[in-house]
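Q: Let me begin by handing over the structure; questions about it come next.
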Amino acid sequence: MDRIVGVGIVKNYGNLKVTVNVLKNIDIIIDSHDFVGITGASGSGKTTLLYILSGLERPTEGTVNLFGKATADYNDRDLALLRQRKIGFIFQFYNLIPNLTVRENVELASVLANNRDPKRIDEVLAMVGMLDRKDAFPNELSGGMQQRVAIARALVNDPDIIFADEPTGNLDSVNAADIMEILRDLNRLHEKTIVLVTHGEEFLKYCNRNVRLADGKVVKDVRLDAV
Ligand SMILES: Nc1ncnc2c1ncn2[C@@H]1O[C@H](COP(=O)(O)OP(=O)(O)OP(=O)(O)O)[C@@H](O)[C@H]1O
Ligand SMILES: [Mg+2]
C-alpha cells in the first residue's frame, strides 16, 4: 500500500532577488512496509525532503499524498491532527522539555493530541526501556536515554509513519545500534512505515531501501536486504 507519494517536488527558499532551489523535481513513492534510509551529503536536501513528506512544510511545486490524500487538500486543523495522531517525528537533538519528567514529556504529546492514556504512556516507555527512569528529568539522562524518550514520545499516539532526522547523530555506536534496532522492530513487528535520514552508511543495513540525494535530486533508489 502506498503511504507517501511525492510527485514533482520542488522546494525553493529565498526572496524575489535570490532563490535557492533546494529540491529539484523529486518523485518518491513510499510503501507502508518501507524502512527507507535517506542519505546524501550535507546540504543535499535531506531534512527539507523529510519536512515536506511529513507535511511540516509545503512544497513550492508538486504534490505530496499522505494516506491517499494530497496534503494541499487537508485544512490546517486536519493537517495538525494528522501530525499529532498518524505521524511521529524524531529529531536529531531530542527536543525534550527540560522541566518536565520523562513521563511528563511523553504525556504532553498525548495531551496535545487529546489522546491521554496512562497505560499507553507506560507501554511506550517500556518499549524503549525507559520505564524505570520515568521520574527523571532530561538533564539527568545520557544522550542515548534522551533519544529513547524522544522515540517514546513519537510513538505515544500510535502513529503509522515515523520520520526520523539523524536520530543517532549524537550517539556513540552502541547507543546508535540500539536505537536502530528499536526502529527496525517498529517497522517489522509493529508495521510502522519509517523514513530515516542518516549520515552514516553503516545504518543502512537496518533499512530495506536507500534513497540517495545529491544537490536536491534523487540519484539512487535501491532495495536492500535488511539484517
Ligand atoms: N529555511 C531555509 N531558508 C533558506 N535556505 C534553506 C532553509 N532550509 C534549508 N535551506 C538550504 O537548503 C539546503 C538543504 O538543506 P537541508 O537542511 O535540507 O540539507 P541536509 O541534507 O539535511 O543537510 P545536513 O546533512 O547538513 O543536515 C541547504 O543549502 C540549506 O542552506
Ligand atoms: Mg539535515
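Following the order of the C-alpha cells, first chain is A, next is B, and so on, with residues numbered from 1 inside each chain and ligands from 1 in the order they appear.
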Using only C-alpha atoms and all ligand atoms, find each residue with an atom at most 7 Å away from ligand 2 and format the answer as a ChimeraX atom specification.
A: /A:42,46-47,165
Q: Could you please take those selected residues and save N, CA, C and O atoms as a short mmCIF file (atom, residue, chain, number, x, y, z; two decimals), in the first residue's frame?
A:
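Once everything was written out, this is out.cif:
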```cif
data_model
loop_
_atom_site.label_atom_id
_atom_site.label_comp_id
_atom_site.auth_asym_id
_atom_site.auth_seq_id
_atom_site.Cartn_x
_atom_site.Cartn_y
_atom_site.Cartn_z
N SER A 42 25.93 16.71 3.27
CA SER A 42 25.36 17.84 3.99
C SER A 42 24.90 18.90 2.98
O SER A 42 25.64 19.22 2.05
N LYS A 46 18.16 16.63 2.51
CA LYS A 46 17.52 15.53 3.24
C LYS A 46 16.46 16.02 4.23
O LYS A 46 15.33 15.52 4.24
N THR A 47 16.84 16.97 5.08
CA THR A 47 15.89 17.47 6.08
C THR A 47 14.72 18.16 5.41
O THR A 47 13.55 17.96 5.81
N ASP A 165 15.04 12.27 11.80
CA ASP A 165 16.11 13.05 11.16
C ASP A 165 17.41 12.86 11.92
O ASP A 165 17.62 13.47 12.97
#
```
Q: Write out as a PyMOL selection string each polymer residue (protein, DNA or RNA) that has an atom no more than 7 Å from ligand 1, with only C-alpha atoms and all ligand atoms counted.
A: chain A and resi 13-14+20+22+40-49+199
Q: Got time to write the residues from that selection, N, CA and C atoms, as a PDB file, in the first residue's frame?
A:
```pdb
ATOM      1  N   TYR A  13      13.816  28.219  -1.537  1.00  0.00           N
ATOM      2  CA  TYR A  13      13.827  29.167  -0.434  1.00  0.00           C
ATOM      3  C   TYR A  13      14.320  30.489  -0.984  1.00  0.00           C
ATOM      4  N   GLY A  14      13.944  31.561  -0.332  1.00  0.00           N
ATOM      5  CA  GLY A  14      14.511  32.838  -0.730  1.00  0.00           C
ATOM      6  C   GLY A  14      13.469  33.910  -0.927  1.00  0.00           C
ATOM      7  N   VAL A  20      16.990  30.003  -3.756  1.00  0.00           N
ATOM      8  CA  VAL A  20      17.787  28.788  -3.687  1.00  0.00           C
ATOM      9  C   VAL A  20      16.874  27.628  -4.011  1.00  0.00           C
ATOM     10  N   VAL A  22      16.329  24.180  -3.608  1.00  0.00           N
ATOM     11  CA  VAL A  22      16.852  23.136  -2.721  1.00  0.00           C
ATOM     12  C   VAL A  22      16.452  21.728  -3.173  1.00  0.00           C
ATOM     13  N   GLY A  40      22.913  11.257   1.789  1.00  0.00           N
ATOM     14  CA  GLY A  40      23.354  12.337   0.912  1.00  0.00           C
ATOM     15  C   GLY A  40      24.238  13.290   1.698  1.00  0.00           C
ATOM     16  N   ALA A  41      25.037  14.042   0.973  1.00  0.00           N
ATOM     17  CA  ALA A  41      25.978  14.958   1.618  1.00  0.00           C
ATOM     18  C   ALA A  41      25.229  16.050   2.375  1.00  0.00           C
ATOM     19  N   SER A  42      25.932  16.706   3.269  1.00  0.00           N
ATOM     20  CA  SER A  42      25.363  17.836   3.988  1.00  0.00           C
ATOM     21  C   SER A  42      24.903  18.897   2.984  1.00  0.00           C
ATOM     22  N   GLY A  43      23.674  19.372   3.151  1.00  0.00           N
ATOM     23  CA  GLY A  43      23.147  20.392   2.244  1.00  0.00           C
ATOM     24  C   GLY A  43      22.463  19.834   1.012  1.00  0.00           C
ATOM     25  N   SER A  44      22.385  18.495   0.888  1.00  0.00           N
ATOM     26  CA  SER A  44      21.777  17.903  -0.315  1.00  0.00           C
ATOM     27  C   SER A  44      20.248  17.969  -0.296  1.00  0.00           C
ATOM     28  N   GLY A  45      19.670  18.303   0.858  1.00  0.00           N
ATOM     29  CA  GLY A  45      18.213  18.485   0.913  1.00  0.00           C
ATOM     30  C   GLY A  45      17.451  17.440   1.713  1.00  0.00           C
ATOM     31  N   LYS A  46      18.161  16.635   2.509  1.00  0.00           N
ATOM     32  CA  LYS A  46      17.525  15.532   3.240  1.00  0.00           C
ATOM     33  C   LYS A  46      16.460  16.017   4.226  1.00  0.00           C
ATOM     34  N   THR A  47      16.844  16.970   5.076  1.00  0.00           N
ATOM     35  CA  THR A  47      15.895  17.465   6.084  1.00  0.00           C
ATOM     36  C   THR A  47      14.715  18.157   5.411  1.00  0.00           C
ATOM     37  N   THR A  48      15.006  18.919   4.376  1.00  0.00           N
ATOM     38  CA  THR A  48      13.935  19.611   3.646  1.00  0.00           C
ATOM     39  C   THR A  48      12.939  18.596   3.098  1.00  0.00           C
ATOM     40  N   LEU A  49      13.451  17.521   2.507  1.00  0.00           N
ATOM     41  CA  LEU A  49      12.565  16.490   1.959  1.00  0.00           C
ATOM     42  C   LEU A  49      11.717  15.860   3.065  1.00  0.00           C
ATOM     43  N   HIS A 199      23.425  10.164   8.095  1.00  0.00           N
ATOM     44  CA  HIS A 199      24.723  10.432   7.502  1.00  0.00           C
ATOM     45  C   HIS A 199      25.517   9.134   7.355  1.00  0.00           C
TER      46      HIS A 199
END
```
Q: Env of Leu82 (chain A): 12 Å cut, atoms = only C-alpha atoms, seq-sep filter 5 positions within chain, self excluded. Answer as a VMD selection string.
A: chain A and resid 54 to 56 66 to 67 69 71 74 to 77 87 to 89 113 157 to 161
Q: Considering only C-alpha atoms, state which residue in the set A:Gln84, A:Asn105, A:Asn12, A:Gln147 is at the smallest distance from Gly169 (chain A).
A: A:Gln147
Q: Would you mind reading off the distance between CA of Asn187 (chain A) and CA of Asp34 (chain A), one decimal, in Å?
A: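 These atoms are spaced 7.6 Å apart.
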Q: I'd like the neighbourhood of Tyr94 (chain A) as a VMD selection string, where a residue qualifies if any of its atoms comes within 8 Å (using only C-alpha atoms), though same-chain residues fewer than 3 positions away should be ignored.
A: chain A and resid 90 to 91 146 to 147 150 167
Q: Those residues with C-alpha atoms, as a PDB file, in the first residue's frame please?
A:
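Below you can see out-v7.pdb, which holds the result:
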```
ATOM      1  CA  ILE A  90      12.122  12.132  15.940  1.00  0.00           C
ATOM      2  CA  PHE A  91      14.643  14.970  15.847  1.00  0.00           C
ATOM      3  CA  GLN A 146      17.039  11.064  25.933  1.00  0.00           C
ATOM      4  CA  GLN A 147      16.697   9.814  22.378  1.00  0.00           C
ATOM      5  CA  ALA A 150      12.004  11.128  22.247  1.00  0.00           C
ATOM      6  CA  PRO A 167      18.301  10.193  15.374  1.00  0.00           C
TER       7      PRO A 167
END
```
Q: Write out as a compact mmCIF listing (two decimals) with N, CA, C and O atoms, in the first residue's frame all residues of region 10-192 of chain A that DSSP puts in alpha helix (DSSP H) for this structure's backbone.
A:
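For reference, part_29.txt as written:
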```
# COMPACT_ATOMS: atom_id res chain seq x y z
N LYS A 46 18.16 16.63 2.51
CA LYS A 46 17.52 15.53 3.24
C LYS A 46 16.46 16.02 4.23
O LYS A 46 15.33 15.52 4.24
N THR A 47 16.84 16.97 5.08
CA THR A 47 15.89 17.47 6.08
C THR A 47 14.72 18.16 5.41
O THR A 47 13.55 17.96 5.81
N THR A 48 15.01 18.92 4.38
CA THR A 48 13.94 19.61 3.65
C THR A 48 12.94 18.60 3.10
O THR A 48 11.72 18.77 3.22
N LEU A 49 13.45 17.52 2.51
CA LEU A 49 12.56 16.49 1.96
C LEU A 49 11.72 15.86 3.06
O LEU A 49 10.52 15.64 2.90
N LEU A 50 12.33 15.59 4.22
CA LEU A 50 11.61 14.98 5.34
C LEU A 50 10.47 15.90 5.80
O LEU A 50 9.36 15.43 6.06
N TYR A 51 10.75 17.18 5.90
CA TYR A 51 9.72 18.14 6.34
C TYR A 51 8.56 18.21 5.35
O TYR A 51 7.41 18.32 5.73
N ILE A 52 8.89 18.11 4.07
CA ILE A 52 7.83 18.19 3.06
C ILE A 52 7.02 16.90 3.02
O ILE A 52 5.79 16.93 2.97
N LEU A 53 7.70 15.75 3.11
CA LEU A 53 6.97 14.48 3.07
C LEU A 53 6.07 14.30 4.29
O LEU A 53 5.06 13.61 4.24
N ASP A 76 -5.88 23.23 7.81
CA ASP A 76 -4.85 23.32 8.85
C ASP A 76 -5.14 22.42 10.05
O ASP A 76 -4.25 21.79 10.61
N ARG A 77 -6.42 22.34 10.41
CA ARG A 77 -6.79 21.55 11.58
C ARG A 77 -6.56 20.05 11.30
O ARG A 77 -6.02 19.33 12.13
N ASP A 78 -6.96 19.62 10.11
CA ASP A 78 -6.80 18.20 9.76
C ASP A 78 -5.32 17.84 9.61
O ASP A 78 -4.91 16.73 9.97
N LEU A 79 -4.55 18.80 9.09
CA LEU A 79 -3.11 18.56 8.95
C LEU A 79 -2.47 18.45 10.33
O LEU A 79 -1.61 17.60 10.57
N ALA A 80 -2.92 19.29 11.26
CA ALA A 80 -2.41 19.23 12.63
C ALA A 80 -2.79 17.89 13.27
O ALA A 80 -1.96 17.23 13.91
N LEU A 81 -4.01 17.46 13.06
CA LEU A 81 -4.46 16.18 13.61
C LEU A 81 -3.65 15.02 13.04
O LEU A 81 -3.25 14.10 13.75
N LEU A 82 -3.40 15.12 11.73
CA LEU A 82 -2.61 14.10 11.05
C LEU A 82 -1.23 13.99 11.70
O LEU A 82 -0.74 12.91 12.00
N ARG A 83 -0.63 15.16 11.94
CA ARG A 83 0.72 15.17 12.53
C ARG A 83 0.71 14.69 13.96
O ARG A 83 1.67 14.08 14.42
N GLN A 84 -0.38 14.96 14.68
CA GLN A 84 -0.43 14.52 16.08
C GLN A 84 -0.71 13.03 16.21
O GLN A 84 -0.18 12.37 17.08
N ARG A 85 -1.58 12.52 15.34
CA ARG A 85 -2.08 11.15 15.52
C ARG A 85 -1.43 10.11 14.62
O ARG A 85 -1.29 8.96 14.98
N VAL A 102 10.53 12.56 32.34
CA VAL A 102 10.43 11.64 31.21
C VAL A 102 8.96 11.33 30.92
O VAL A 102 8.47 11.46 29.79
N ARG A 103 8.25 10.95 31.99
CA ARG A 103 6.86 10.57 31.81
C ARG A 103 6.02 11.75 31.31
O ARG A 103 5.19 11.61 30.41
N GLU A 104 6.28 12.92 31.89
CA GLU A 104 5.50 14.11 31.51
C GLU A 104 5.79 14.54 30.07
O GLU A 104 4.89 15.02 29.37
N ASN A 105 7.03 14.37 29.62
CA ASN A 105 7.36 14.69 28.23
C ASN A 105 6.53 13.85 27.27
O ASN A 105 6.01 14.36 26.27
N VAL A 106 6.42 12.58 27.58
CA VAL A 106 5.65 11.67 26.71
C VAL A 106 4.15 11.98 26.84
O VAL A 106 3.41 12.03 25.85
N GLU A 107 3.75 12.24 28.08
CA GLU A 107 2.33 12.52 28.34
C GLU A 107 1.87 13.77 27.57
O GLU A 107 0.76 13.79 27.02
N LEU A 108 2.73 14.76 27.53
CA LEU A 108 2.36 16.02 26.86
C LEU A 108 1.94 15.79 25.41
O LEU A 108 0.96 16.37 24.93
N ALA A 109 2.68 14.92 24.72
CA ALA A 109 2.35 14.65 23.31
C ALA A 109 0.95 14.04 23.20
O ALA A 109 0.22 14.33 22.25
N SER A 110 0.57 13.22 24.18
CA SER A 110 -0.76 12.62 24.11
C SER A 110 -1.85 13.62 24.52
O SER A 110 -2.94 13.62 23.96
N VAL A 111 -1.51 14.51 25.45
CA VAL A 111 -2.47 15.54 25.85
C VAL A 111 -2.75 16.48 24.68
O VAL A 111 -3.90 16.81 24.39
N LEU A 112 -1.67 16.89 23.98
CA LEU A 112 -1.84 17.79 22.84
C LEU A 112 -2.71 17.16 21.75
O LEU A 112 -3.43 17.85 21.05
N PRO A 118 -2.92 6.81 30.37
CA PRO A 118 -1.79 6.48 31.25
C PRO A 118 -1.15 5.13 30.94
O PRO A 118 0.07 4.97 31.00
N LYS A 119 -1.98 4.14 30.59
CA LYS A 119 -1.44 2.81 30.29
C LYS A 119 -0.51 2.86 29.09
O LYS A 119 0.53 2.21 29.04
N ARG A 120 -0.93 3.63 28.09
CA ARG A 120 -0.16 3.73 26.85
C ARG A 120 1.19 4.41 27.11
O ARG A 120 2.20 4.02 26.51
N ILE A 121 1.22 5.39 28.01
CA ILE A 121 2.47 6.08 28.31
C ILE A 121 3.48 5.09 28.89
O ILE A 121 4.63 5.01 28.46
N ASP A 122 3.01 4.28 29.85
CA ASP A 122 3.89 3.26 30.43
C ASP A 122 4.33 2.25 29.37
O ASP A 122 5.48 1.79 29.37
N GLU A 123 3.40 1.91 28.50
CA GLU A 123 3.68 0.91 27.46
C GLU A 123 4.82 1.38 26.54
O GLU A 123 5.76 0.62 26.27
N VAL A 124 4.75 2.63 26.08
CA VAL A 124 5.80 3.09 25.15
C VAL A 124 7.13 3.31 25.89
O VAL A 124 8.19 3.07 25.32
N LEU A 125 7.05 3.71 27.16
CA LEU A 125 8.30 3.86 27.92
C LEU A 125 8.96 2.49 28.11
O LEU A 125 10.18 2.36 28.04
N ALA A 126 8.13 1.47 28.34
CA ALA A 126 8.67 0.11 28.48
C ALA A 126 9.28 -0.36 27.16
O ALA A 126 10.35 -0.98 27.12
N MET A 127 8.63 0.00 26.07
CA MET A 127 9.08 -0.42 24.73
C MET A 127 10.51 0.06 24.45
O MET A 127 11.29 -0.63 23.81
N GLY A 143 22.60 10.96 26.45
CA GLY A 143 22.03 11.26 25.13
C GLY A 143 21.20 10.10 24.59
O GLY A 143 20.10 10.30 24.07
N GLY A 144 21.73 8.89 24.73
CA GLY A 144 21.00 7.72 24.24
C GLY A 144 19.66 7.55 24.93
O GLY A 144 18.65 7.21 24.31
N MET A 145 19.65 7.79 26.25
CA MET A 145 18.40 7.69 27.01
C MET A 145 17.41 8.77 26.58
O MET A 145 16.21 8.51 26.43
N GLN A 146 17.93 9.98 26.36
CA GLN A 146 17.04 11.06 25.93
C GLN A 146 16.43 10.75 24.57
O GLN A 146 15.26 11.02 24.33
N GLN A 147 17.24 10.15 23.69
CA GLN A 147 16.70 9.81 22.38
C GLN A 147 15.64 8.72 22.50
O GLN A 147 14.65 8.73 21.78
N ARG A 148 15.80 7.78 23.45
CA ARG A 148 14.77 6.76 23.67
C ARG A 148 13.46 7.41 24.11
O ARG A 148 12.37 7.00 23.69
N VAL A 149 13.58 8.40 24.98
CA VAL A 149 12.38 9.10 25.45
C VAL A 149 11.72 9.83 24.27
O VAL A 149 10.49 9.81 24.12
N ALA A 150 12.55 10.43 23.42
CA ALA A 150 12.00 11.13 22.25
C ALA A 150 11.28 10.13 21.33
O ALA A 150 10.27 10.47 20.71
N ILE A 151 11.79 8.91 21.26
CA ILE A 151 11.12 7.89 20.45
C ILE A 151 9.79 7.51 21.10
O ILE A 151 8.76 7.40 20.43
N ALA A 152 9.81 7.34 22.43
CA ALA A 152 8.57 7.02 23.14
C ALA A 152 7.52 8.11 22.90
O ALA A 152 6.35 7.84 22.66
N ARG A 153 7.99 9.35 22.93
CA ARG A 153 7.07 10.48 22.68
C ARG A 153 6.49 10.41 21.26
O ARG A 153 5.31 10.66 21.05
N ALA A 154 7.34 10.05 20.30
CA ALA A 154 6.87 9.95 18.91
C ALA A 154 5.88 8.81 18.74
O ALA A 154 5.08 8.80 17.80
N LEU A 155 5.93 7.81 19.65
CA LEU A 155 5.11 6.62 19.49
C LEU A 155 3.80 6.66 20.28
O LEU A 155 2.92 5.83 20.06
N SER A 173 28.37 4.45 19.16
CA SER A 173 27.93 3.38 18.26
C SER A 173 27.02 2.36 18.94
O SER A 173 26.11 1.82 18.32
N VAL A 174 27.23 2.11 20.25
CA VAL A 174 26.39 1.13 20.95
C VAL A 174 24.96 1.67 21.07
O VAL A 174 23.98 0.99 20.75
N ASN A 175 24.84 2.91 21.53
CA ASN A 175 23.51 3.51 21.65
C ASN A 175 22.85 3.67 20.28
O ASN A 175 21.64 3.48 20.15
N ALA A 176 23.64 4.02 19.29
CA ALA A 176 23.10 4.19 17.94
C ALA A 176 22.52 2.87 17.43
O ALA A 176 21.41 2.84 16.89
N ALA A 177 23.24 1.78 17.65
CA ALA A 177 22.75 0.48 17.20
C ALA A 177 21.45 0.11 17.93
O ALA A 177 20.52 -0.42 17.32
N ASP A 178 21.39 0.42 19.23
CA ASP A 178 20.16 0.17 20.00
C ASP A 178 18.96 0.90 19.40
O ASP A 178 17.88 0.33 19.25
N ILE A 179 19.18 2.18 19.07
CA ILE A 179 18.09 2.99 18.51
C ILE A 179 17.66 2.42 17.16
O ILE A 179 16.46 2.30 16.87
N MET A 180 18.65 2.03 16.34
CA MET A 180 18.31 1.47 15.03
C MET A 180 17.53 0.17 15.18
O MET A 180 16.62 -0.11 14.40
N GLU A 181 17.87 -0.63 16.20
CA GLU A 181 17.14 -1.88 16.41
C GLU A 181 15.70 -1.61 16.86
O GLU A 181 14.78 -2.32 16.46
N ILE A 182 15.52 -0.58 17.68
CA ILE A 182 14.16 -0.21 18.08
C ILE A 182 13.34 0.18 16.84
O ILE A 182 12.22 -0.26 16.64
N LEU A 183 13.97 0.99 15.97
CA LEU A 183 13.26 1.43 14.76
C LEU A 183 12.94 0.24 13.85
O LEU A 183 11.85 0.13 13.30
N ARG A 184 13.92 -0.66 13.73
CA ARG A 184 13.68 -1.82 12.88
C ARG A 184 12.53 -2.68 13.42
O ARG A 184 11.67 -3.15 12.68
N ASP A 185 12.48 -2.86 14.74
CA ASP A 185 11.38 -3.64 15.32
C ASP A 185 10.04 -2.95 15.12
O ASP A 185 9.02 -3.61 14.90
N LEU A 186 10.05 -1.63 15.19
CA LEU A 186 8.80 -0.89 14.96
C LEU A 186 8.31 -1.14 13.54
O LEU A 186 7.12 -1.29 13.28
N ASN A 187 9.26 -1.21 12.61
CA ASN A 187 8.93 -1.47 11.21
C ASN A 187 8.46 -2.91 11.01
O ASN A 187 7.40 -3.17 10.43
N ARG A 188 9.19 -3.86 11.56
CA ARG A 188 8.90 -5.28 11.29
C ARG A 188 7.76 -5.81 12.13
O ARG A 188 6.91 -6.52 11.63
```
Q: Rank A:Gly68, A:Val197, A:Gly216, A:Arg58 by their smallest atom-to-atom distance to Asp2 (chain A), using only C-alpha atoms, and report the top residue only.
A: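 With only C-alpha atoms as the atom set, the closest residue is A:Gly68.
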Q: Nearest to Val219 (chain A): which of A:Thr198, A:Gln92, A:Asn170, A:Asn25 is it, counting only C-alpha atoms?
A: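 Once distances to Val219 (chain A) are computed over only C-alpha atoms, the minimum belongs to A:Asn25.
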Q: For region 7-10 of chain A, please output as a list in words all residues within 8 Å (counting only C-alpha atoms; exclusion window: fewer than 4 positions along the same chain).
A: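 Everything that qualifies: Asn21, Val22, Leu23, Lys24, Asn25, Ile26, Asp27, Ile28, Pro59, Thr60, Glu61, Gly62, Thr63 and Val64 of chain A.
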Q: When DSSP works through the backbone of this structure, what residues of region 118-212 of chain A end up as strand (DSSP E), shown as number ranges by chain?
A: A: 161-165, 193-197, 209-212
Q: Could you tell me how far CA of Ile194 (chain A) sits from CA of Ile29 (chain A), in Å to one decimal place?
A: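 Taking CA of Ile29 (chain A) and CA of Ile194 (chain A), their separation equals 12.8 Å.
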